[in-house]
Amino acid sequence: MLYRCEGEIPEMKGNRVKLRRLSPRDAEEMFKCWSDPEVRRYSDLPDMPDPASAGEMIRILNNLSLTDDGLRWGIEEATGRLIGSCGMNWWQMEGSYRGEIGCELSRPYWGCGYMRESVGLVIDYAFEDMGLNRLEALTDPRNERAGRLFQALGFTLEGRLKEYRHTESGFVDANLHALLRHEWDTYGM
């Protein structure tokens with residue numbers, strides 16, 4: 001049977017993080033993350049002028065789960081503070097069993113291992129619960145931190161997609177990282 005989330009965004013716990021459904025009350029914290037110029041530098045996030053626009057983004061992300069077009073979790077650290085988000089930007093079951101992971105983390109938490117743990121939980125969910133066989137992550141080639149994250153999680157850099165995304169500064173390339181289920185089973189977390 002093919003995976004269908006039908007709006008369900010299950011809570012998941014790691015050693016130092018909890019992944020949970022984003023809610024309207026998270027708008028202020030996600031605004032801090034999504035509007036930070038350093039967080040936005042290599043992302044394709046829409047303009048985020050105020051907390052209300054972050055609230056609208058949360059609504060859109062949650063609605064994507066209703067139509068099985070995306071899954072997004074908020075990332076809480078041990079004190080319950082929301083520090084970012086991660087999830088499945090999209091997935092395709094029939095014919096390919098693959099999906100794409102996306103993530104962003106508030107700058108004060110960079111380099112502390114929170115995103116590695118969070119994305120590891122998403123990878124487990126994608127392979128075990130969703131039944132995917134291949135996960136992809138697209139990163140801006142200039143974003144060395146993201147490249148190292150996916151490499152540390154066992155992803156292979158498969159190549160560069162020329163002028164793949166359009167940003168405020170024009171078209172930019174994207175690095176394509178991929179991880180197969182059997183590689184994760186061997187690598188694990």
# chains A, B, ... in the order shown; residues from 1 in each chain; ligands from 1
>>> residues_around(residues="A:His166", least_positions_apart="2", cutoff="12 Å", atoms="only C-alpha atoms", output="ChimeraX atom specification")
/A:42-46,140,162-164,168-174
>>> write_last_selection(atoms="N, CA, C and O atoms", output="CSV table (one decimal), in the first residue's frame")
chain,number,residue,atom,x,y,z
A,42,TYR,N,21.1,31.2,1.2
A,42,TYR,CA,21.2,30.2,0.1
A,42,TYR,C,19.9,29.4,0.0
A,42,TYR,O,19.8,28.4,-0.6
A,43,SER,N,18.8,30.0,0.5
A,43,SER,CA,17.5,29.3,0.4
A,43,SER,C,16.6,30.0,-0.7
A,43,SER,O,17.0,31.0,-1.2
A,44,ASP,N,15.5,29.4,-0.9
A,44,ASP,CA,14.5,29.9,-1.8
A,44,ASP,C,13.3,30.3,-1.1
A,44,ASP,O,12.2,30.1,-1.6
A,45,LEU,N,13.4,30.7,0.2
A,45,LEU,CA,12.3,31.1,1.0
A,45,LEU,C,11.6,32.3,0.4
A,45,LEU,O,12.3,33.2,-0.1
A,46,PRO,N,10.3,32.4,0.5
A,46,PRO,CA,9.6,33.6,0.0
A,46,PRO,C,10.0,34.8,0.9
A,46,PRO,O,10.5,34.6,2.1
A,140,ASP,N,22.6,25.0,-2.4
A,140,ASP,CA,23.4,25.9,-3.2
A,140,ASP,C,24.9,25.5,-3.1
A,140,ASP,O,25.3,25.3,-1.9
A,162,LYS,N,22.8,23.0,-13.4
A,162,LYS,CA,23.1,24.3,-13.8
A,162,LYS,C,21.9,25.2,-13.8
A,162,LYS,O,20.8,24.8,-14.3
A,163,GLU,N,22.0,26.4,-13.2
A,163,GLU,CA,20.9,27.4,-13.2
A,163,GLU,C,19.6,26.8,-12.9
A,163,GLU,O,18.6,27.1,-13.5
A,164,TYR,N,19.6,26.0,-11.8
A,164,TYR,CA,18.4,25.2,-11.5
A,164,TYR,C,17.3,26.0,-10.8
A,164,TYR,O,16.1,25.8,-10.9
A,168,GLU,N,16.6,36.1,-6.0
A,168,GLU,CA,16.6,37.6,-6.2
A,168,GLU,C,17.8,38.0,-7.0
A,168,GLU,O,17.7,39.0,-7.7
A,169,SER,N,18.9,37.3,-7.0
A,169,SER,CA,20.1,37.6,-7.7
A,169,SER,C,20.2,36.9,-9.1
A,169,SER,O,21.2,37.1,-9.7
A,170,GLY,N,19.2,36.2,-9.5
A,170,GLY,CA,19.2,35.6,-10.8
A,170,GLY,C,19.2,34.1,-10.6
A,170,GLY,O,18.9,33.5,-9.6
A,171,PHE,N,19.5,33.4,-11.7
A,171,PHE,CA,19.6,31.9,-11.7
A,171,PHE,C,20.8,31.4,-11.0
A,171,PHE,O,21.9,32.0,-11.2
A,172,VAL,N,20.7,30.4,-10.2
A,172,VAL,CA,21.8,29.8,-9.5
A,172,VAL,C,21.8,28.3,-9.7
A,172,VAL,O,20.8,27.7,-9.9
A,173,ASP,N,23.0,27.7,-9.6
A,173,ASP,CA,23.1,26.2,-9.7
A,173,ASP,C,22.7,25.6,-8.3
A,173,ASP,O,22.5,26.3,-7.3
A,174,ALA,N,22.5,24.3,-8.4
A,174,ALA,CA,22.1,23.5,-7.2
A,174,ALA,C,22.9,22.2,-7.2
A,174,ALA,O,23.0,21.6,-8.3
>>> residues_around(residues="A:Phe127", least_positions_apart="3", cutoff="12 Å", atoms="only C-alpha atoms", output="list in words")
Tyr3, Met88, Trp91, Met93, Tyr97, Arg98, Gly99, Gly120, Leu121, Val122, Ile123, Asp124, Met130, Gly131, Leu132, Asn133, Arg134, Leu135, Leu179, Leu180, Arg181, His182, Glu183, Trp184, Asp185 and Gly188 of chain A
>>> closest_residue(among="A:Ile101, A:Trp34, A:Ile58, A:Arg16", to="A:Gly80", atoms="only C-alpha atoms")
A:Arg16
>>> closest_atom_pairs(of="stretch 13-119 of chain A", to="stretch 143-150 of chain A", cutoff="12 Å", atoms="only C-alpha atoms", output="CSV")
residue,atom,partner,partner_atom,distance
A:Glu38,CA,A:Asn143,CA,10.6
A:Val39,CA,A:Asn143,CA,10.4
A:Arg40,CA,A:Asn143,CA,11.0
A:Arg41,CA,A:Asn143,CA,8.7
A:Tyr42,CA,A:Asn143,CA,6.4
A:Ser43,CA,A:Asn143,CA,9.4
A:Ile101,CA,A:Phe150,CA,10.1
A:Gly102,CA,A:Ala146,CA,10.3
A:Cys103,CA,A:Ala146,CA,9.3
A:Glu104,CA,A:Ala146,CA,9.5
A:Leu105,CA,A:Ala146,CA,10.8
A:Arg107,CA,A:Arg145,CA,11.9
A:Trp110,CA,A:Arg145,CA,9.1
A:Gly111,CA,A:Arg145,CA,8.7
A:Cys112,CA,A:Leu149,CA,11.4
A:Gly113,CA,A:Leu149,CA,9.1
A:Tyr114,CA,A:Leu149,CA,10.6
A:Met115,CA,A:Leu149,CA,8.0
A:Arg116,CA,A:Leu149,CA,6.5
A:Glu117,CA,A:Leu149,CA,10.2
A:Ser118,CA,A:Leu149,CA,11.1
A:Val119,CA,A:Phe150,CA,8.9
>>> select_by_dssp(residues="stretch 18-141 of chain A", states="helix (DSSP H, G or I)", output="JSON, numbers by chain")
{"A": [24, 25, 26, 27, 28, 29, 30, 31, 32, 33, 34, 37, 38, 39, 40, 51, 52, 53, 54, 55, 56, 57, 58, 59, 60, 61, 62, 63, 64, 65, 66, 107, 108, 109, 114, 115, 116, 117, 118, 119, 120, 121, 122, 123, 124, 125, 126, 127, 128, 129]}
>>> write_last_selection(atoms="N, CA and C atoms", output="tab-separated table (two decimals), in the first residue's frame")
chain	number	residue	atom	x	y	z
A	24	PRO	N	0.22	27.97	14.50
A	24	PRO	CA	0.22	29.44	14.38
A	24	PRO	C	1.01	30.12	15.50
A	25	ARG	N	1.04	29.52	16.68
A	25	ARG	CA	1.78	30.14	17.80
A	25	ARG	C	3.30	30.15	17.55
A	26	ASP	N	3.76	29.41	16.54
A	26	ASP	CA	5.18	29.36	16.20
A	26	ASP	C	5.62	30.47	15.24
A	27	ALA	N	4.69	31.31	14.84
A	27	ALA	CA	4.98	32.32	13.81
A	27	ALA	C	6.14	33.23	14.21
A	28	GLU	N	6.16	33.69	15.44
A	28	GLU	CA	7.21	34.63	15.88
A	28	GLU	C	8.59	33.98	15.81
A	29	GLU	N	8.73	32.76	16.33
A	29	GLU	CA	10.03	32.08	16.31
A	29	GLU	C	10.46	31.74	14.88
A	30	MET	N	9.52	31.27	14.06
A	30	MET	CA	9.88	30.94	12.68
A	30	MET	C	10.17	32.20	11.87
A	31	PHE	N	9.53	33.31	12.22
A	31	PHE	CA	9.86	34.57	11.56
A	31	PHE	C	11.32	34.94	11.84
A	32	LYS	N	11.77	34.78	13.09
A	32	LYS	CA	13.16	35.06	13.43
A	32	LYS	C	14.11	34.21	12.59
A	33	CYS	N	13.76	32.94	12.40
A	33	CYS	CA	14.59	32.04	11.60
A	33	CYS	C	14.51	32.39	10.12
A	34	TRP	N	13.31	32.42	9.57
A	34	TRP	CA	13.11	32.58	8.14
A	34	TRP	C	13.47	33.97	7.62
A	37	PRO	N	18.93	37.12	7.44
A	37	PRO	CA	19.63	37.15	6.14
A	37	PRO	C	20.62	36.01	5.94
A	38	GLU	N	21.25	35.54	7.01
A	38	GLU	CA	22.20	34.43	6.88
A	38	GLU	C	21.48	33.11	6.64
A	39	VAL	N	20.33	32.92	7.24
A	39	VAL	CA	19.53	31.71	6.99
A	39	VAL	C	18.99	31.75	5.56
A	40	ARG	N	18.59	32.92	5.11
A	40	ARG	CA	17.99	33.08	3.79
A	40	ARG	C	19.01	33.07	2.64
A	51	PRO	N	6.00	38.70	11.22
A	51	PRO	CA	5.54	37.43	11.77
A	51	PRO	C	4.27	36.90	11.11
A	52	ALA	N	3.40	37.79	10.65
A	52	ALA	CA	2.18	37.34	9.98
A	52	ALA	C	2.51	36.54	8.72
A	53	SER	N	3.54	36.93	8.00
A	53	SER	CA	3.91	36.18	6.80
A	53	SER	C	4.50	34.81	7.18
A	54	ALA	N	5.17	34.73	8.32
A	54	ALA	CA	5.63	33.43	8.81
A	54	ALA	C	4.43	32.56	9.19
A	55	GLY	N	3.42	33.16	9.79
A	55	GLY	CA	2.20	32.42	10.11
A	55	GLY	C	1.52	31.89	8.86
A	56	GLU	N	1.52	32.69	7.81
A	56	GLU	CA	0.94	32.25	6.54
A	56	GLU	C	1.76	31.10	5.95
A	57	MET	N	3.09	31.17	6.05
A	57	MET	CA	3.94	30.09	5.56
A	57	MET	C	3.66	28.80	6.34
A	58	ILE	N	3.49	28.90	7.64
A	58	ILE	CA	3.15	27.72	8.46
A	58	ILE	C	1.83	27.13	7.98
A	59	ARG	N	0.84	27.97	7.72
A	59	ARG	CA	-0.46	27.48	7.23
A	59	ARG	C	-0.29	26.74	5.91
A	60	ILE	N	0.48	27.31	5.00
A	60	ILE	CA	0.72	26.69	3.69
A	60	ILE	C	1.42	25.34	3.87
A	61	LEU	N	2.46	25.30	4.69
A	61	LEU	CA	3.20	24.06	4.90
A	61	LEU	C	2.31	22.98	5.50
A	62	ASN	N	1.48	23.34	6.49
A	62	ASN	CA	0.57	22.35	7.08
A	62	ASN	C	-0.47	21.88	6.07
A	63	ASN	N	-0.94	22.78	5.22
A	63	ASN	CA	-1.92	22.39	4.21
A	63	ASN	C	-1.34	21.43	3.18
A	64	LEU	N	-0.02	21.52	2.91
A	64	LEU	CA	0.61	20.58	1.97
A	64	LEU	C	0.48	19.14	2.46
A	65	SER	N	0.45	18.96	3.77
A	65	SER	CA	0.29	17.59	4.29
A	65	SER	C	-1.11	17.06	4.04
A	66	LEU	N	-2.09	17.94	3.94
A	66	LEU	CA	-3.46	17.50	3.68
A	66	LEU	C	-3.61	16.89	2.29
A	107	ARG	N	20.20	30.62	13.35
A	107	ARG	CA	21.66	30.77	13.38
A	107	ARG	C	22.31	30.46	14.72
A	108	PRO	N	21.73	30.83	15.87
A	108	PRO	CA	22.42	30.52	17.14
A	108	PRO	C	22.64	29.01	17.36
A	109	TYR	N	21.96	28.18	16.60
A	109	TYR	CA	22.04	26.73	16.80
A	109	TYR	C	22.89	26.03	15.74
A	114	TYR	N	22.10	19.85	15.96
A	114	TYR	CA	20.64	19.75	16.01
A	114	TYR	C	20.05	19.36	14.65
A	115	MET	N	20.57	19.94	13.57
A	115	MET	CA	20.00	19.62	12.27
A	115	MET	C	20.37	18.21	11.84
A	116	ARG	N	21.55	17.77	12.16
A	116	ARG	CA	21.93	16.39	11.81
A	116	ARG	C	20.98	15.40	12.48
A	117	GLU	N	20.70	15.61	13.75
A	117	GLU	CA	19.77	14.73	14.46
A	117	GLU	C	18.36	14.83	13.87
A	118	SER	N	17.92	16.04	13.58
A	118	SER	CA	16.56	16.25	13.04
A	118	SER	C	16.39	15.61	11.67
A	119	VAL	N	17.34	15.87	10.77
A	119	VAL	CA	17.24	15.28	9.44
A	119	VAL	C	17.37	13.77	9.51
A	120	GLY	N	18.16	13.26	10.45
A	120	GLY	CA	18.25	11.81	10.64
A	120	GLY	C	16.90	11.21	10.98
A	121	LEU	N	16.11	11.89	11.81
A	121	LEU	CA	14.75	11.42	12.13
A	121	LEU	C	13.87	11.42	10.89
A	122	VAL	N	13.99	12.47	10.08
A	122	VAL	CA	13.20	12.55	8.84
A	122	VAL	C	13.61	11.44	7.88
A	123	ILE	N	14.90	11.16	7.78
A	123	ILE	CA	15.37	10.08	6.91
A	123	ILE	C	14.78	8.75	7.37
A	124	ASP	N	14.86	8.46	8.67
A	124	ASP	CA	14.27	7.23	9.19
A	124	ASP	C	12.78	7.14	8.82
A	125	TYR	N	12.06	8.23	9.01
A	125	TYR	CA	10.63	8.24	8.71
A	125	TYR	C	10.38	8.01	7.22
A	126	ALA	N	11.17	8.67	6.38
A	126	ALA	CA	10.98	8.55	4.94
A	126	ALA	C	11.21	7.13	4.45
A	127	PHE	N	12.23	6.48	4.96
A	127	PHE	CA	12.53	5.12	4.52
A	127	PHE	C	11.62	4.08	5.20
A	128	GLU	N	11.43	4.21	6.50
A	128	GLU	CA	10.67	3.19	7.24
A	128	GLU	C	9.16	3.35	7.14
A	129	ASP	N	8.66	4.55	7.35
A	129	ASP	CA	7.21	4.76	7.38
A	129	ASP	C	6.62	5.08	6.02
>>> select_by_dssp(residues="stretch 74-169 of chain A", states="strand (DSSP E or B)", output="PyMOL selection string")
chain A and resi 74-77+82-92+98-105+134-139+156-167
>>> write_last_selection(atoms="C-alpha atoms", output="PDB file, in the first residue's frame")
ATOM      1  CA  GLY A  74       9.133  22.248  13.646  1.00  0.00           C
ATOM      2  CA  ILE A  75      12.372  21.463  15.492  1.00  0.00           C
ATOM      3  CA  GLU A  76      12.300  21.921  19.268  1.00  0.00           C
ATOM      4  CA  GLU A  77      15.411  21.686  21.407  1.00  0.00           C
ATOM      5  CA  LEU A  82      11.511  26.153  18.421  1.00  0.00           C
ATOM      6  CA  ILE A  83      14.809  26.487  16.532  1.00  0.00           C
ATOM      7  CA  GLY A  84      13.972  25.655  12.906  1.00  0.00           C
ATOM      8  CA  SER A  85      12.103  23.316  10.618  1.00  0.00           C
ATOM      9  CA  CYS A  86      12.755  20.359   8.359  1.00  0.00           C
ATOM     10  CA  GLY A  87      10.833  17.869   6.314  1.00  0.00           C
ATOM     11  CA  MET A  88       9.894  16.426   2.979  1.00  0.00           C
ATOM     12  CA  ASN A  89       9.475  19.133   0.337  1.00  0.00           C
ATOM     13  CA  TRP A  90       7.798  16.585  -1.944  1.00  0.00           C
ATOM     14  CA  TRP A  91       7.720  12.879  -2.684  1.00  0.00           C
ATOM     15  CA  GLN A  92       6.671  10.593  -5.489  1.00  0.00           C
ATOM     16  CA  ARG A  98      11.778   9.132  -3.962  1.00  0.00           C
ATOM     17  CA  GLY A  99      11.500  12.461  -2.194  1.00  0.00           C
ATOM     18  CA  GLU A 100      13.332  15.678  -1.366  1.00  0.00           C
ATOM     19  CA  ILE A 101      14.402  16.862   2.076  1.00  0.00           C
ATOM     20  CA  GLY A 102      14.578  20.532   3.037  1.00  0.00           C
ATOM     21  CA  CYS A 103      15.625  22.250   6.247  1.00  0.00           C
ATOM     22  CA  GLU A 104      16.583  25.502   7.930  1.00  0.00           C
ATOM     23  CA  LEU A 105      17.889  26.271  11.406  1.00  0.00           C
ATOM     24  CA  ARG A 134      15.731   7.420  -2.565  1.00  0.00           C
ATOM     25  CA  LEU A 135      16.070  10.781  -0.827  1.00  0.00           C
ATOM     26  CA  GLU A 136      17.451  13.899  -2.449  1.00  0.00           C
ATOM     27  CA  ALA A 137      18.615  17.234  -1.086  1.00  0.00           C
ATOM     28  CA  LEU A 138      19.334  20.263  -3.231  1.00  0.00           C
ATOM     29  CA  THR A 139      21.852  22.761  -1.876  1.00  0.00           C
ATOM     30  CA  THR A 156      26.451  11.256  -2.087  1.00  0.00           C
ATOM     31  CA  LEU A 157      26.999  14.403  -4.144  1.00  0.00           C
ATOM     32  CA  GLU A 158      25.704  13.245  -7.535  1.00  0.00           C
ATOM     33  CA  GLY A 159      26.298  16.418  -9.466  1.00  0.00           C
ATOM     34  CA  ARG A 160      25.447  20.031 -10.142  1.00  0.00           C
ATOM     35  CA  LEU A 161      22.227  21.207 -11.769  1.00  0.00           C
ATOM     36  CA  LYS A 162      23.084  24.320 -13.791  1.00  0.00           C
ATOM     37  CA  GLU A 163      20.950  27.434 -13.198  1.00  0.00           C
ATOM     38  CA  TYR A 164      18.376  25.230 -11.468  1.00  0.00           C
ATOM     39  CA  ARG A 165      16.777  27.853  -9.217  1.00  0.00           C
ATOM     40  CA  HIS A 166      15.825  31.464  -9.681  1.00  0.00           C
ATOM     41  CA  THR A 167      16.593  33.816  -6.798  1.00  0.00           C
TER      42      THR A 167
END
>>> residues_around(residues="A:Ser35", least_positions_apart="6", cutoff="8 Å", atoms="only C-alpha atoms", output="JSON, numbers by chain")
{"A": [47, 48, 49]}
>>> write_last_selection(atoms="N, CA and C atoms", output="CSV table (one decimal), in the first residue's frame")
chain,number,residue,atom,x,y,z
A,47,ASP,N,9.7,36.0,0.5
A,47,ASP,CA,9.9,37.2,1.3
A,47,ASP,C,9.2,37.0,2.6
A,48,MET,N,9.8,37.5,3.7
A,48,MET,CA,9.3,37.3,5.1
A,48,MET,C,9.4,38.6,5.8
A,49,PRO,N,8.5,39.5,5.5
A,49,PRO,CA,8.6,40.9,6.1
A,49,PRO,C,8.1,41.0,7.6
>>> residues_around(residues="A:Arg20", least_positions_apart="5", cutoff="9 Å", atoms="only C-alpha atoms", output="PyMOL selection string")
chain A and resi 9-13+72-76
>>> write_last_selection(atoms="all heavy atoms", output="mmCIF file, in the first residue's frame")
data_model
loop_
_atom_site.group_PDB
_atom_site.id
_atom_site.type_symbol
_atom_site.label_atom_id
_atom_site.label_comp_id
_atom_site.auth_asym_id
_atom_site.auth_seq_id
_atom_site.Cartn_x
_atom_site.Cartn_y
_atom_site.Cartn_z
ATOM 1 N N ILE A 9 0.965 14.753 10.749
ATOM 2 C CA ILE A 9 2.377 15.085 10.901
ATOM 3 C C ILE A 9 2.778 14.535 12.263
ATOM 4 O O ILE A 9 2.588 15.193 13.286
ATOM 5 C CB ILE A 9 2.619 16.604 10.798
ATOM 6 C CG1 ILE A 9 2.098 17.137 9.455
ATOM 7 C CG2 ILE A 9 4.102 16.920 10.979
ATOM 8 C CD1 ILE A 9 2.146 18.650 9.319
ATOM 9 N N PRO A 10 3.309 13.313 12.285
ATOM 10 C CA PRO A 10 3.566 12.663 13.577
ATOM 11 C C PRO A 10 4.718 13.302 14.344
ATOM 12 O O PRO A 10 5.688 13.776 13.752
ATOM 13 C CB PRO A 10 3.921 11.234 13.177
ATOM 14 C CG PRO A 10 4.488 11.354 11.810
ATOM 15 C CD PRO A 10 3.726 12.482 11.156
ATOM 16 N N GLU A 11 4.594 13.310 15.641
ATOM 17 C CA GLU A 11 5.676 13.795 16.490
ATOM 18 C C GLU A 11 6.782 12.742 16.519
ATOM 19 O O GLU A 11 6.508 11.542 16.581
ATOM 20 C CB GLU A 11 5.144 14.037 17.896
ATOM 21 C CG GLU A 11 6.131 14.681 18.820
ATOM 22 C CD GLU A 11 5.510 15.011 20.162
ATOM 23 O OE1 GLU A 11 4.687 15.947 20.215
ATOM 24 O OE2 GLU A 11 5.851 14.314 21.132
ATOM 25 N N MET A 12 8.030 13.202 16.478
ATOM 26 C CA MET A 12 9.177 12.297 16.563
ATOM 27 C C MET A 12 10.178 12.883 17.549
ATOM 28 O O MET A 12 10.363 14.097 17.596
ATOM 29 C CB MET A 12 9.846 12.144 15.187
ATOM 30 C CG MET A 12 8.944 11.493 14.154
ATOM 31 S SD MET A 12 9.808 11.106 12.620
ATOM 32 C CE MET A 12 9.931 12.722 11.861
ATOM 33 N N LYS A 13 10.831 12.006 18.308
ATOM 34 C CA LYS A 13 11.794 12.454 19.311
ATOM 35 C C LYS A 13 13.152 11.829 19.076
ATOM 36 O O LYS A 13 13.255 10.643 18.775
ATOM 37 C CB LYS A 13 11.307 12.105 20.714
ATOM 38 C CG LYS A 13 10.089 12.889 21.127
ATOM 39 C CD LYS A 13 9.686 12.581 22.532
ATOM 40 C CE LYS A 13 8.439 13.398 22.883
ATOM 41 N NZ LYS A 13 7.955 13.094 24.219
ATOM 42 N N ARG A 72 6.197 18.997 6.904
ATOM 43 C CA ARG A 72 7.161 19.896 7.545
ATOM 44 C C ARG A 72 6.988 19.814 9.049
ATOM 45 O O ARG A 72 5.877 19.905 9.564
ATOM 46 C CB ARG A 72 6.906 21.331 7.079
ATOM 47 C CG ARG A 72 8.063 22.237 7.308
ATOM 48 C CD ARG A 72 9.224 21.783 6.487
ATOM 49 N NE ARG A 72 10.269 22.767 6.382
ATOM 50 C CZ ARG A 72 11.210 22.696 5.465
ATOM 51 N NH1 ARG A 72 11.210 21.736 4.590
ATOM 52 N NH2 ARG A 72 12.150 23.584 5.436
ATOM 53 N N TRP A 73 8.115 19.634 9.729
ATOM 54 C CA TRP A 73 8.130 19.576 11.183
ATOM 55 C C TRP A 73 8.852 20.798 11.733
ATOM 56 O O TRP A 73 9.855 21.251 11.178
ATOM 57 C CB TRP A 73 8.906 18.349 11.663
ATOM 58 C CG TRP A 73 8.213 17.044 11.508
ATOM 59 C CD1 TRP A 73 7.379 16.444 12.411
ATOM 60 C CD2 TRP A 73 8.306 16.134 10.413
ATOM 61 N NE1 TRP A 73 6.961 15.221 11.932
ATOM 62 C CE2 TRP A 73 7.522 15.007 10.706
ATOM 63 C CE3 TRP A 73 9.002 16.153 9.188
ATOM 64 C CZ2 TRP A 73 7.383 13.924 9.849
ATOM 65 C CZ3 TRP A 73 8.866 15.080 8.318
ATOM 66 C CH2 TRP A 73 8.058 13.981 8.656
ATOM 67 N N GLY A 74 8.374 21.288 12.877
ATOM 68 C CA GLY A 74 9.133 22.248 13.646
ATOM 69 C C GLY A 74 10.147 21.483 14.479
ATOM 70 O O GLY A 74 9.878 20.361 14.921
ATOM 71 N N ILE A 75 11.308 22.085 14.693
ATOM 72 C CA ILE A 75 12.372 21.463 15.492
ATOM 73 C C ILE A 75 12.424 22.156 16.842
ATOM 74 O O ILE A 75 12.675 23.361 16.916
ATOM 75 C CB ILE A 75 13.741 21.596 14.801
ATOM 76 C CG1 ILE A 75 13.720 20.996 13.402
ATOM 77 C CG2 ILE A 75 14.840 20.964 15.670
ATOM 78 C CD1 ILE A 75 14.960 21.347 12.569
ATOM 79 N N GLU A 76 12.173 21.405 17.907
ATOM 80 C CA GLU A 76 12.300 21.921 19.268
ATOM 81 C C GLU A 76 13.555 21.355 19.896
ATOM 82 O O GLU A 76 13.823 20.163 19.774
ATOM 83 C CB GLU A 76 11.121 21.473 20.137
ATOM 84 C CG GLU A 76 9.874 22.249 19.974
ATOM 85 C CD GLU A 76 8.815 21.834 20.994
ATOM 86 O OE1 GLU A 76 9.090 20.996 21.888
ATOM 87 O OE2 GLU A 76 7.695 22.342 20.886
#
>>> closest_residue(among="A:Gln151, A:Thr186, A:Arg4, A:Leu176", to="A:Asp69", atoms="only C-alpha atoms")
A:Arg4
>>> atom_distance(atom1="atom CA of A:Ala178", atom2="atom CA of A:Phe155")
5.0 Å
>>> closest_residue(among="A:Arg81, A:Cys5, A:Leu71, A:His177", to="A:Arg21", atoms="only C-alpha atoms")
A:Leu71
>>> atom_distance(atom1="atom CA of A:Ala78", atom2="atom CA of A:Lys18")
7.7 Å
>>> atom_distance(atom1="atom CA of A:Asp68", atom2="atom CA of A:Leu19")
18.3 Å
